[in-house]
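S.K.: Just passing along the structure, written as structure tokens.
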Amino acid sequence: MSVSIRRARADDVDFLVELVTHEDVEPFLAAVRSKGRDEILAEIARSDDEPEAFGVFVIEVDGERAGNVRFTRANQRSRIADLGGLAVHPDFRGAKVADSAARLFQRHLFDDLGFHRVQMEIYGFNERATRHAERAGFTREGVRRKAYWRDEEWVDSVLYGLVADDLVS
């Protein structure tokens, strides 16, 4: 099995809409996440226009679209990127696709784009994502209690970070 990542293209939009609205994916993504075709096309265009500050990427397994991951530059001077939206289609779960993709993405952000730190927030109820973050080398840095209104209740957010020095060569 070969896992790769690449910047999303306009011809990926239908796959991305289907992925982020899938009943087994959507509950775990940010409630404010873009889910419509036009919004996602705009994000793909921004990814092309601002490649050092914003990125929408497609995860592929043996050349087949399997997931999505994205980043936003949070702080230019301190070279910090916010990660988000890591989603693997349910058809590809169980093979550690997310782990492989995360490591490729980390290398791209650190080595190619020059970030010093990458960070992310995960809903506290998303146990699969917290296990993934720890397998992918992130350090749990804290919890923001009742940080987000999601599905008619307040939910915690777990903060994770990774700095370039943490990566194993």
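Residues in the structure tokens are numbered from 1 in each chain, the chains being A, B, ... in the order shown, and ligands are numbered from 1 in the order shown.
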Can you pull out every residue within 12 Å of Leu41 of chain A, counting only C-alpha atoms, but drop anything in the same chain fewer than 6 positions away, and send it as a ChimeraX atom specification?
M.R.: /A:8-17,34-35,47-48,56
S.K.: List as number ranges by chain the protein and nucleic acid residues near segment 72-88 of chain A, meaning an atom at most 8 Å away when only C-alpha atoms are counted, but skip any in the same chain fewer than 4 places from it.
M.R.: A: 19-20, 25, 29-30, 52-55, 59, 66-68, 92-93, 97-98, 114-121
S.K.: For the selection you just gave me, I'd like the residues written to a file as a CSV table (one decimal), in the first residue's frame, keeping N, CA, C and O atoms.
M.R.:
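Below is the file out.csv, written as the result:
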chain,number,residue,atom,x,y,z
A,19,LEU,N,-16.7,13.4,1.1
A,19,LEU,CA,-16.0,13.0,2.3
A,19,LEU,C,-16.5,13.8,3.5
A,19,LEU,O,-16.8,13.2,4.6
A,20,VAL,N,-16.5,15.1,3.4
A,20,VAL,CA,-16.8,15.9,4.6
A,20,VAL,C,-18.2,15.9,5.0
A,20,VAL,O,-18.6,16.3,6.1
A,25,VAL,N,-18.0,10.7,9.0
A,25,VAL,CA,-16.9,11.7,9.0
A,25,VAL,C,-17.3,13.0,9.6
A,25,VAL,O,-16.7,13.6,10.5
A,29,LEU,N,-15.6,16.5,12.4
A,29,LEU,CA,-15.0,17.7,11.8
A,29,LEU,C,-15.5,18.9,12.5
A,29,LEU,O,-16.6,18.9,13.0
A,30,ALA,N,-14.8,20.0,12.4
A,30,ALA,CA,-15.2,21.3,13.0
A,30,ALA,C,-16.6,21.6,12.4
A,30,ALA,O,-16.9,21.5,11.2
A,52,GLU,N,2.1,29.0,0.7
A,52,GLU,CA,2.9,29.0,2.0
A,52,GLU,C,2.1,29.3,3.2
A,52,GLU,O,2.5,29.1,4.3
A,53,ALA,N,0.8,29.7,3.0
A,53,ALA,CA,0.0,30.1,4.1
A,53,ALA,C,-1.3,29.3,4.3
A,53,ALA,O,-1.9,29.3,5.4
A,54,PHE,N,-1.7,28.5,3.3
A,54,PHE,CA,-2.9,27.8,3.4
A,54,PHE,C,-2.8,26.6,2.4
A,54,PHE,O,-2.3,26.7,1.3
A,55,GLY,N,-3.3,25.5,2.9
A,55,GLY,CA,-3.3,24.3,2.0
A,55,GLY,C,-4.4,23.3,2.2
A,55,GLY,O,-4.8,23.0,3.3
A,59,ILE,N,-5.3,13.0,0.3
A,59,ILE,CA,-4.6,11.8,0.6
A,59,ILE,C,-4.9,10.8,-0.4
A,59,ILE,O,-6.1,10.5,-0.6
A,66,ALA,N,-8.4,9.0,-1.0
A,66,ALA,CA,-8.8,8.3,0.3
A,66,ALA,C,-9.0,9.3,1.4
A,66,ALA,O,-9.6,8.9,2.4
A,67,GLY,N,-8.6,10.6,1.4
A,67,GLY,CA,-8.8,11.4,2.5
A,67,GLY,C,-8.4,12.9,2.2
A,67,GLY,O,-8.1,13.2,1.0
A,68,ASN,N,-8.4,13.7,3.2
A,68,ASN,CA,-8.1,15.1,3.2
A,68,ASN,C,-7.4,15.5,4.4
A,68,ASN,O,-7.6,15.0,5.5
A,92,PHE,N,-11.2,3.3,3.8
A,92,PHE,CA,-9.7,3.2,3.9
A,92,PHE,C,-9.3,3.1,5.4
A,92,PHE,O,-8.1,3.1,5.6
A,93,ARG,N,-10.2,3.0,6.3
A,93,ARG,CA,-9.8,3.0,7.7
A,93,ARG,C,-9.3,1.6,8.1
A,93,ARG,O,-9.6,0.6,7.5
A,97,VAL,N,-3.7,4.6,7.3
A,97,VAL,CA,-3.6,5.6,6.3
A,97,VAL,C,-3.4,7.0,6.9
A,97,VAL,O,-2.5,7.7,6.4
A,98,ALA,N,-4.1,7.3,7.9
A,98,ALA,CA,-4.0,8.6,8.5
A,98,ALA,C,-2.6,8.8,9.1
A,98,ALA,O,-2.1,9.9,9.0
A,114,GLY,N,9.0,25.2,5.9
A,114,GLY,CA,9.8,25.9,6.9
A,114,GLY,C,9.1,26.2,8.2
A,114,GLY,O,9.5,27.1,8.9
A,115,PHE,N,8.0,25.5,8.5
A,115,PHE,CA,7.3,25.7,9.8
A,115,PHE,C,8.2,25.2,10.9
A,115,PHE,O,8.9,24.2,10.7
A,116,HIS,N,8.0,25.8,12.1
A,116,HIS,CA,8.7,25.4,13.3
A,116,HIS,C,7.8,24.5,14.1
A,116,HIS,O,8.3,23.6,14.8
A,117,ARG,N,6.6,24.8,14.1
A,117,ARG,CA,5.6,24.2,15.0
A,117,ARG,C,4.3,23.9,14.2
A,117,ARG,O,3.9,24.8,13.5
A,118,VAL,N,3.7,22.8,14.4
A,118,VAL,CA,2.3,22.5,13.9
A,118,VAL,C,1.5,22.2,15.1
A,118,VAL,O,1.9,21.5,16.1
A,119,GLN,N,0.2,22.6,15.1
A,119,GLN,CA,-0.6,22.4,16.2
A,119,GLN,C,-2.0,22.1,15.7
A,119,GLN,O,-2.4,22.5,14.6
A,120,MET,N,-2.8,21.5,16.6
A,120,MET,CA,-4.2,21.2,16.2
A,120,MET,C,-5.1,21.0,17.5
A,120,MET,O,-4.5,20.8,18.5
A,121,GLU,N,-6.4,21.1,17.2
A,121,GLU,CA,-7.3,20.9,18.3
A,121,GLU,C,-8.2,19.7,17.8
A,121,GLU,O,-8.6,19.6,16.6
S.K.: Using only C-alpha atoms, determine which residues lie at most 7 Å from Ser4 of chain A, disregarding the query and same-chain residues fewer than 6 positions distant; provide the list as a PyMOL selection string.
M.R.: chain A and resi 59-61+101
S.K.: Include C-alpha atoms and write out the residues we just selected as an mmCIF file, in the first residue's frame.
M.R.:
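Ended up saving to result.cif:
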data_model
loop_
_atom_site.group_PDB
_atom_site.id
_atom_site.type_symbol
_atom_site.label_atom_id
_atom_site.label_comp_id
_atom_site.auth_asym_id
_atom_site.auth_seq_id
_atom_site.Cartn_x
_atom_site.Cartn_y
_atom_site.Cartn_z
ATOM 1 C CA ILE A 59 -4.561 11.814 0.649
ATOM 2 C CA GLU A 60 -4.211 9.025 -1.901
ATOM 3 C CA VAL A 61 -3.761 5.286 -1.453
ATOM 4 C CA ALA A 101 -0.407 10.711 5.632
#
S.K.: Find, counting only C-alpha atoms, the residue in A:His89, A:Leu167, A:Phe28, A:Ile5 that gets nearest to Asp62 of chain A.
M.R.: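 Among the listed residues, the smallest separation from Asp62 of chain A belongs to A:Ile5.
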S.K.: Pick the closest to Val3 of chain A from A:Asp49, A:Glu141, A:Glu39, A:Glu64: which is it, counting only C-alpha atoms?
M.R.: A:Glu64
S.K.: Would you return as JSON, numbers by chain the members of segment 22-121 of chain A that DSSP assigns to alpha helix (DSSP H) on this structure's backbone?
M.R.: {"A": [37, 38, 39, 40, 41, 42, 43, 44, 45, 46, 47, 48, 49, 97, 98, 99, 100, 101, 102, 103, 104, 105, 106, 107]}
S.K.: Do a neighbour search on Ile122 of chain A at 12 Å with only C-alpha atoms, toss out local chain neighbours closer than 6 positions, and write the hits as JSON, numbers by chain.
M.R.: {"A": [27, 28, 29, 30, 31, 82, 83, 84, 85, 86, 128, 129, 130, 131, 132, 133, 134, 138, 140, 141, 142, 143, 144, 145, 147, 148, 155, 156, 157, 158, 159, 160, 161]}
S.K.: Output N, CA, C and O atoms of each residue in that selection to a file, as a CSV table (one decimal), in the first residue's frame.
M.R.:
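The file below, result.csv, is the result:
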chain,number,residue,atom,x,y,z
A,27,PRO,N,-19.5,14.2,11.8
A,27,PRO,CA,-19.6,14.6,13.3
A,27,PRO,C,-18.3,14.9,13.9
A,27,PRO,O,-18.2,15.4,15.0
A,28,PHE,N,-17.1,14.5,13.3
A,28,PHE,CA,-15.8,14.6,14.0
A,28,PHE,C,-15.1,15.8,13.4
A,28,PHE,O,-14.0,16.2,13.9
A,29,LEU,N,-15.6,16.5,12.4
A,29,LEU,CA,-15.0,17.7,11.8
A,29,LEU,C,-15.5,18.9,12.5
A,29,LEU,O,-16.6,18.9,13.0
A,30,ALA,N,-14.8,20.0,12.4
A,30,ALA,CA,-15.2,21.3,13.0
A,30,ALA,C,-16.6,21.6,12.4
A,30,ALA,O,-16.9,21.5,11.2
A,31,ALA,N,-17.5,22.1,13.3
A,31,ALA,CA,-18.9,22.4,12.9
A,31,ALA,C,-18.9,23.5,11.8
A,31,ALA,O,-19.8,23.5,11.0
A,82,ASP,N,-1.6,25.8,11.9
A,82,ASP,CA,-2.7,25.1,12.5
A,82,ASP,C,-3.1,24.0,11.5
A,82,ASP,O,-3.3,24.3,10.3
A,83,LEU,N,-3.2,22.8,12.0
A,83,LEU,CA,-3.7,21.7,11.2
A,83,LEU,C,-5.1,21.4,11.4
A,83,LEU,O,-5.6,21.7,12.5
A,84,GLY,N,-5.8,20.9,10.4
A,84,GLY,CA,-7.2,20.6,10.6
A,84,GLY,C,-7.7,19.7,9.5
A,84,GLY,O,-7.1,19.5,8.5
A,85,GLY,N,-8.9,19.2,9.8
A,85,GLY,CA,-9.7,18.5,8.8
A,85,GLY,C,-9.1,17.2,8.3
A,85,GLY,O,-9.5,16.7,7.3
A,86,LEU,N,-8.2,16.6,9.1
A,86,LEU,CA,-7.7,15.2,8.7
A,86,LEU,C,-8.9,14.3,8.7
A,86,LEU,O,-9.6,14.1,9.7
A,128,ARG,N,-10.8,8.3,18.5
A,128,ARG,CA,-10.0,7.8,17.4
A,128,ARG,C,-8.9,8.8,17.0
A,128,ARG,O,-7.7,8.5,16.8
A,129,ALA,N,-9.3,10.1,16.9
A,129,ALA,CA,-8.4,11.2,16.5
A,129,ALA,C,-7.3,11.4,17.6
A,129,ALA,O,-6.1,11.7,17.3
A,130,THR,N,-7.6,11.3,18.9
A,130,THR,CA,-6.6,11.5,19.9
A,130,THR,C,-5.6,10.4,19.9
A,130,THR,O,-4.4,10.6,20.0
A,131,ARG,N,-6.1,9.2,19.6
A,131,ARG,CA,-5.1,8.0,19.5
A,131,ARG,C,-4.2,8.2,18.3
A,131,ARG,O,-3.0,8.0,18.4
A,132,HIS,N,-4.8,8.7,17.2
A,132,HIS,CA,-4.0,9.0,16.0
A,132,HIS,C,-3.0,10.0,16.3
A,132,HIS,O,-1.8,9.9,15.9
A,133,ALA,N,-3.3,11.1,16.9
A,133,ALA,CA,-2.4,12.2,17.1
A,133,ALA,C,-1.2,11.8,17.9
A,133,ALA,O,-0.1,12.1,17.6
A,134,GLU,N,-1.4,10.9,18.9
A,134,GLU,CA,-0.3,10.4,19.7
A,134,GLU,C,0.6,9.5,18.9
A,134,GLU,O,1.8,9.5,19.0
A,138,PHE,N,2.5,13.7,18.0
A,138,PHE,CA,2.0,14.9,18.6
A,138,PHE,C,2.1,14.8,20.1
A,138,PHE,O,1.8,13.7,20.7
A,140,ARG,N,0.3,15.9,23.6
A,140,ARG,CA,-0.9,16.5,24.2
A,140,ARG,C,-0.5,17.6,25.1
A,140,ARG,O,0.3,17.5,26.0
A,141,GLU,N,-1.0,18.8,24.8
A,141,GLU,CA,-0.6,20.0,25.5
A,141,GLU,C,-1.7,20.6,26.5
A,141,GLU,O,-1.3,21.4,27.3
A,142,GLY,N,-2.9,20.1,26.4
A,142,GLY,CA,-3.9,20.6,27.3
A,142,GLY,C,-5.3,20.4,26.8
A,142,GLY,O,-5.5,19.9,25.7
A,143,VAL,N,-6.2,20.8,27.6
A,143,VAL,CA,-7.6,20.7,27.3
A,143,VAL,C,-8.3,22.1,27.4
A,143,VAL,O,-8.0,22.8,28.4
A,144,ARG,N,-9.1,22.5,26.5
A,144,ARG,CA,-9.9,23.7,26.6
A,144,ARG,C,-11.3,23.1,26.9
A,144,ARG,O,-12.0,22.5,26.1
A,145,ARG,N,-11.7,23.3,28.2
A,145,ARG,CA,-12.9,22.8,28.7
A,145,ARG,C,-14.1,23.5,28.1
A,145,ARG,O,-14.1,24.7,28.0
A,147,ALA,N,-15.2,24.1,25.2
A,147,ALA,CA,-14.7,25.2,24.3
A,147,ALA,C,-15.7,25.4,23.1
A,147,ALA,O,-15.7,26.5,22.6
A,148,TYR,N,-16.4,24.4,22.7
A,148,TYR,CA,-17.2,24.5,21.4
A,148,TYR,C,-18.6,24.0,21.6
A,148,TYR,O,-18.8,23.0,22.3
A,155,VAL,N,-18.6,21.0,24.2
A,155,VAL,CA,-17.7,19.9,24.2
A,155,VAL,C,-16.3,20.5,24.4
A,155,VAL,O,-16.0,21.6,24.1
A,156,ASP,N,-15.4,19.6,25.0
A,156,ASP,CA,-14.0,20.0,25.2
A,156,ASP,C,-13.2,19.9,23.9
A,156,ASP,O,-13.6,19.2,23.0
A,157,SER,N,-12.1,20.6,23.9
A,157,SER,CA,-11.2,20.5,22.8
A,157,SER,C,-9.8,20.1,23.4
A,157,SER,O,-9.4,20.7,24.4
A,158,VAL,N,-9.2,19.2,22.8
A,158,VAL,CA,-7.8,18.7,23.3
A,158,VAL,C,-6.8,19.3,22.3
A,158,VAL,O,-6.9,19.2,21.1
A,159,LEU,N,-5.8,20.0,22.9
A,159,LEU,CA,-4.8,20.7,22.1
A,159,LEU,C,-3.5,19.7,22.0
A,159,LEU,O,-3.1,19.1,22.9
A,160,TYR,N,-3.0,19.7,20.7
A,160,TYR,CA,-1.8,18.9,20.4
A,160,TYR,C,-0.8,19.8,19.7
A,160,TYR,O,-1.2,20.6,18.9
A,161,GLY,N,0.4,19.5,19.9
A,161,GLY,CA,1.5,20.3,19.2
A,161,GLY,C,2.7,19.4,18.9
A,161,GLY,O,2.9,18.3,19.5
S.K.: Mind checking DSSP for chain A and telling me the strand (DSSP E) residues as a CSV table (one decimal) with N, CA, C and O atoms, in the first residue's frame?
M.R.:
chain,number,residue,atom,x,y,z
A,3,VAL,N,0.9,5.3,0.3
A,3,VAL,CA,0.1,6.5,0.7
A,3,VAL,C,0.9,7.7,0.2
A,3,VAL,O,2.1,7.8,0.4
A,4,SER,N,0.2,8.7,-0.3
A,4,SER,CA,0.8,9.9,-0.8
A,4,SER,C,-0.2,11.1,-0.5
A,4,SER,O,-1.3,10.9,-0.2
A,5,ILE,N,0.4,12.3,-0.5
A,5,ILE,CA,-0.4,13.5,-0.4
A,5,ILE,C,-0.1,14.5,-1.5
A,5,ILE,O,1.0,14.4,-2.1
A,6,ARG,N,-1.1,15.2,-1.9
A,6,ARG,CA,-0.9,16.3,-3.0
A,6,ARG,C,-1.9,17.4,-2.7
A,6,ARG,O,-2.9,17.2,-2.1
A,7,ARG,N,-1.6,18.5,-3.2
A,7,ARG,CA,-2.5,19.6,-3.1
A,7,ARG,C,-3.8,19.3,-3.9
A,7,ARG,O,-3.7,18.7,-5.0
A,54,PHE,N,-1.7,28.5,3.3
A,54,PHE,CA,-2.9,27.8,3.4
A,54,PHE,C,-2.8,26.6,2.4
A,54,PHE,O,-2.3,26.7,1.3
A,55,GLY,N,-3.3,25.5,2.9
A,55,GLY,CA,-3.3,24.3,2.0
A,55,GLY,C,-4.4,23.3,2.2
A,55,GLY,O,-4.8,23.0,3.3
A,56,VAL,N,-5.0,22.9,1.1
A,56,VAL,CA,-5.9,21.8,1.1
A,56,VAL,C,-5.3,20.6,0.3
A,56,VAL,O,-4.9,20.8,-0.8
A,57,PHE,N,-5.2,19.5,1.0
A,57,PHE,CA,-4.4,18.4,0.4
A,57,PHE,C,-5.4,17.1,0.3
A,57,PHE,O,-6.2,16.9,1.2
A,58,VAL,N,-5.1,16.3,-0.7
A,58,VAL,CA,-5.8,15.1,-0.8
A,58,VAL,C,-4.8,14.0,-0.5
A,58,VAL,O,-3.7,14.0,-0.9
A,59,ILE,N,-5.3,13.0,0.3
A,59,ILE,CA,-4.6,11.8,0.6
A,59,ILE,C,-4.9,10.8,-0.4
A,59,ILE,O,-6.1,10.5,-0.6
A,60,GLU,N,-3.9,10.1,-0.9
A,60,GLU,CA,-4.2,9.0,-1.9
A,60,GLU,C,-3.6,7.7,-1.4
A,60,GLU,O,-2.5,7.7,-0.8
A,61,VAL,N,-4.3,6.6,-1.7
A,61,VAL,CA,-3.8,5.3,-1.5
A,61,VAL,C,-3.7,4.6,-2.8
A,61,VAL,O,-4.7,4.4,-3.5
A,64,GLU,N,-5.6,6.3,-5.5
A,64,GLU,CA,-7.0,6.5,-5.3
A,64,GLU,C,-7.2,7.5,-4.2
A,64,GLU,O,-6.6,7.4,-3.1
A,65,ARG,N,-8.1,8.5,-4.4
A,65,ARG,CA,-8.5,9.4,-3.3
A,65,ARG,C,-9.0,8.7,-2.1
A,65,ARG,O,-9.9,7.9,-2.2
A,66,ALA,N,-8.4,9.0,-1.0
A,66,ALA,CA,-8.8,8.3,0.3
A,66,ALA,C,-9.0,9.3,1.4
A,66,ALA,O,-9.6,8.9,2.4
A,67,GLY,N,-8.6,10.6,1.4
A,67,GLY,CA,-8.8,11.4,2.5
A,67,GLY,C,-8.4,12.9,2.2
A,67,GLY,O,-8.1,13.2,1.0
A,68,ASN,N,-8.4,13.7,3.2
A,68,ASN,CA,-8.1,15.1,3.2
A,68,ASN,C,-7.4,15.5,4.4
A,68,ASN,O,-7.6,15.0,5.5
A,69,VAL,N,-6.5,16.5,4.3
A,69,VAL,CA,-5.9,17.2,5.4
A,69,VAL,C,-5.6,18.6,4.9
A,69,VAL,O,-5.4,18.9,3.7
A,70,ARG,N,-5.5,19.5,5.9
A,70,ARG,CA,-5.3,20.9,5.5
A,70,ARG,C,-4.5,21.7,6.6
A,70,ARG,O,-4.4,21.2,7.7
A,71,PHE,N,-4.0,22.8,6.2
A,71,PHE,CA,-3.3,23.7,7.2
A,71,PHE,C,-3.6,25.1,6.9
A,71,PHE,O,-3.9,25.5,5.8
A,72,THR,N,-3.4,25.9,7.9
A,72,THR,CA,-3.4,27.4,7.8
A,72,THR,C,-2.3,28.0,8.6
A,72,THR,O,-2.0,27.5,9.8
A,73,ARG,N,-1.6,28.9,8.1
A,73,ARG,CA,-0.5,29.6,8.8
A,73,ARG,C,-1.1,30.4,9.9
A,73,ARG,O,-1.9,31.3,9.7
A,74,ALA,N,-0.8,30.1,11.2
A,74,ALA,CA,-1.3,30.7,12.4
A,74,ALA,C,-0.5,31.9,12.8
A,74,ALA,O,-1.0,32.9,13.3
A,75,ASN,N,0.9,31.8,12.6
A,75,ASN,CA,1.8,32.9,13.0
A,75,ASN,C,3.0,32.9,12.1
A,75,ASN,O,3.7,31.9,12.1
A,80,ILE,N,4.3,29.0,12.8
A,80,ILE,CA,3.3,28.1,13.3
A,80,ILE,C,2.2,27.8,12.4
A,80,ILE,O,1.6,28.8,11.8
A,81,ALA,N,1.9,26.5,12.2
A,81,ALA,CA,0.8,26.1,11.3
A,81,ALA,C,-0.3,25.5,12.2
A,81,ALA,O,0.0,24.7,13.0
A,82,ASP,N,-1.6,25.8,11.9
A,82,ASP,CA,-2.7,25.1,12.5
A,82,ASP,C,-3.1,24.0,11.5
A,82,ASP,O,-3.3,24.3,10.3
A,83,LEU,N,-3.2,22.8,12.0
A,83,LEU,CA,-3.7,21.7,11.2
A,83,LEU,C,-5.1,21.4,11.4
A,83,LEU,O,-5.6,21.7,12.5
A,84,GLY,N,-5.8,20.9,10.4
A,84,GLY,CA,-7.2,20.6,10.6
A,84,GLY,C,-7.7,19.7,9.5
A,84,GLY,O,-7.1,19.5,8.5
A,85,GLY,N,-8.9,19.2,9.8
A,85,GLY,CA,-9.7,18.5,8.8
A,85,GLY,C,-9.1,17.2,8.3
A,85,GLY,O,-9.5,16.7,7.3
A,86,LEU,N,-8.2,16.6,9.1
A,86,LEU,CA,-7.7,15.2,8.7
A,86,LEU,C,-8.9,14.3,8.7
A,86,LEU,O,-9.6,14.1,9.7
A,87,ALA,N,-9.2,13.8,7.5
A,87,ALA,CA,-10.3,12.8,7.4
A,87,ALA,C,-10.0,11.8,6.4
A,87,ALA,O,-9.5,12.1,5.3
A,88,VAL,N,-10.2,10.5,6.8
A,88,VAL,CA,-10.0,9.4,5.9
A,88,VAL,C,-11.3,8.8,5.6
A,88,VAL,O,-12.1,8.5,6.5
A,117,ARG,N,6.6,24.8,14.1
A,117,ARG,CA,5.6,24.2,15.0
A,117,ARG,C,4.3,23.9,14.2
A,117,ARG,O,3.9,24.8,13.5
A,118,VAL,N,3.7,22.8,14.4
A,118,VAL,CA,2.3,22.5,13.9
A,118,VAL,C,1.5,22.2,15.1
A,118,VAL,O,1.9,21.5,16.1
A,119,GLN,N,0.2,22.6,15.1
A,119,GLN,CA,-0.6,22.4,16.2
A,119,GLN,C,-2.0,22.1,15.7
A,119,GLN,O,-2.4,22.5,14.6
A,120,MET,N,-2.8,21.5,16.6
A,120,MET,CA,-4.2,21.2,16.2
A,120,MET,C,-5.1,21.0,17.5
A,120,MET,O,-4.5,20.8,18.5
A,121,GLU,N,-6.4,21.1,17.2
A,121,GLU,CA,-7.3,20.9,18.3
A,121,GLU,C,-8.2,19.7,17.8
A,121,GLU,O,-8.6,19.6,16.6
A,122,ILE,N,-8.6,18.9,18.7
A,122,ILE,CA,-9.5,17.7,18.5
A,122,ILE,C,-10.6,17.8,19.5
A,122,ILE,O,-10.4,18.0,20.7
A,123,TYR,N,-11.8,17.5,19.0
A,123,TYR,CA,-12.9,17.4,19.9
A,123,TYR,C,-12.6,16.3,21.0
A,123,TYR,O,-12.1,15.3,20.6
A,139,THR,N,2.3,15.9,20.8
A,139,THR,CA,2.3,15.9,22.3
A,139,THR,C,1.0,16.6,22.7
A,139,THR,O,0.6,17.6,22.2
A,140,ARG,N,0.3,15.9,23.6
A,140,ARG,CA,-0.9,16.5,24.2
A,140,ARG,C,-0.5,17.6,25.1
A,140,ARG,O,0.3,17.5,26.0
A,141,GLU,N,-1.0,18.8,24.8
A,141,GLU,CA,-0.6,20.0,25.5
A,141,GLU,C,-1.7,20.6,26.5
A,141,GLU,O,-1.3,21.4,27.3
A,142,GLY,N,-2.9,20.1,26.4
A,142,GLY,CA,-3.9,20.6,27.3
A,142,GLY,C,-5.3,20.4,26.8
A,142,GLY,O,-5.5,19.9,25.7
A,143,VAL,N,-6.2,20.8,27.6
A,143,VAL,CA,-7.6,20.7,27.3
A,143,VAL,C,-8.3,22.1,27.4
A,143,VAL,O,-8.0,22.8,28.4
A,144,ARG,N,-9.1,22.5,26.5
A,144,ARG,CA,-9.9,23.7,26.6
A,144,ARG,C,-11.3,23.1,26.9
A,144,ARG,O,-12.0,22.5,26.1
A,145,ARG,N,-11.7,23.3,28.2
A,145,ARG,CA,-12.9,22.8,28.7
A,145,ARG,C,-14.1,23.5,28.1
A,145,ARG,O,-14.1,24.7,28.0
A,146,LYS,N,-15.1,22.7,27.6
A,146,LYS,CA,-16.3,23.2,27.1
A,146,LYS,C,-16.1,24.3,26.1
A,146,LYS,O,-16.7,25.4,26.2
A,147,ALA,N,-15.2,24.1,25.2
A,147,ALA,CA,-14.7,25.2,24.3
A,147,ALA,C,-15.7,25.4,23.1
A,147,ALA,O,-15.7,26.5,22.6
A,148,TYR,N,-16.4,24.4,22.7
A,148,TYR,CA,-17.2,24.5,21.4
A,148,TYR,C,-18.6,24.0,21.6
A,148,TYR,O,-18.8,23.0,22.3
A,149,TRP,N,-19.5,24.7,21.0
A,149,TRP,CA,-20.9,24.3,21.0
A,149,TRP,C,-21.1,23.4,19.8
A,149,TRP,O,-21.0,23.8,18.6
A,150,ARG,N,-21.4,22.1,20.1
A,150,ARG,CA,-21.5,21.1,19.0
A,150,ARG,C,-22.6,20.2,19.3
A,150,ARG,O,-22.7,19.6,20.4
A,153,GLU,N,-24.6,20.8,22.6
A,153,GLU,CA,-24.0,20.7,23.9
A,153,GLU,C,-22.5,21.3,23.8
A,153,GLU,O,-22.0,21.4,22.7
A,154,TRP,N,-22.0,21.7,24.9
A,154,TRP,CA,-20.6,22.2,25.0
A,154,TRP,C,-19.7,21.0,25.0
A,154,TRP,O,-19.9,20.0,25.8
A,155,VAL,N,-18.6,21.0,24.2
A,155,VAL,CA,-17.7,19.9,24.2
A,155,VAL,C,-16.3,20.5,24.4
A,155,VAL,O,-16.0,21.6,24.1
A,156,ASP,N,-15.4,19.6,25.0
A,156,ASP,CA,-14.0,20.0,25.2
A,156,ASP,C,-13.2,19.9,23.9
A,156,ASP,O,-13.6,19.2,23.0
A,157,SER,N,-12.1,20.6,23.9
A,157,SER,CA,-11.2,20.5,22.8
A,157,SER,C,-9.8,20.1,23.4
A,157,SER,O,-9.4,20.7,24.4
A,158,VAL,N,-9.2,19.2,22.8
A,158,VAL,CA,-7.8,18.7,23.3
A,158,VAL,C,-6.8,19.3,22.3
A,158,VAL,O,-6.9,19.2,21.1
A,159,LEU,N,-5.8,20.0,22.9
A,159,LEU,CA,-4.8,20.7,22.1
A,159,LEU,C,-3.5,19.7,22.0
A,159,LEU,O,-3.1,19.1,22.9
A,160,TYR,N,-3.0,19.7,20.7
A,160,TYR,CA,-1.8,18.9,20.4
A,160,TYR,C,-0.8,19.8,19.7
A,160,TYR,O,-1.2,20.6,18.9
A,161,GLY,N,0.4,19.5,19.9
A,161,GLY,CA,1.5,20.3,19.2
A,161,GLY,C,2.7,19.4,18.9
A,161,GLY,O,2.9,18.3,19.5
A,162,LEU,N,3.4,19.8,17.8
A,162,LEU,CA,4.6,19.1,17.4
A,162,LEU,C,5.5,20.1,16.9
A,162,LEU,O,5.1,21.1,16.1
A,163,VAL,N,6.8,20.1,17.3
A,163,VAL,CA,7.8,21.0,16.8
A,163,VAL,C,8.8,20.2,15.9
A,163,VAL,O,8.9,19.0,16.1
S.K.: Please indicate the distance in Å from atom CA of Arg37 of chain A to atom CA of Pro51 of chain A, rounded to one decimal place.
M.R.: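 Answer for the atom CA of Arg37 of chain A to atom CA of Pro51 of chain A separation: 20.5 Å.
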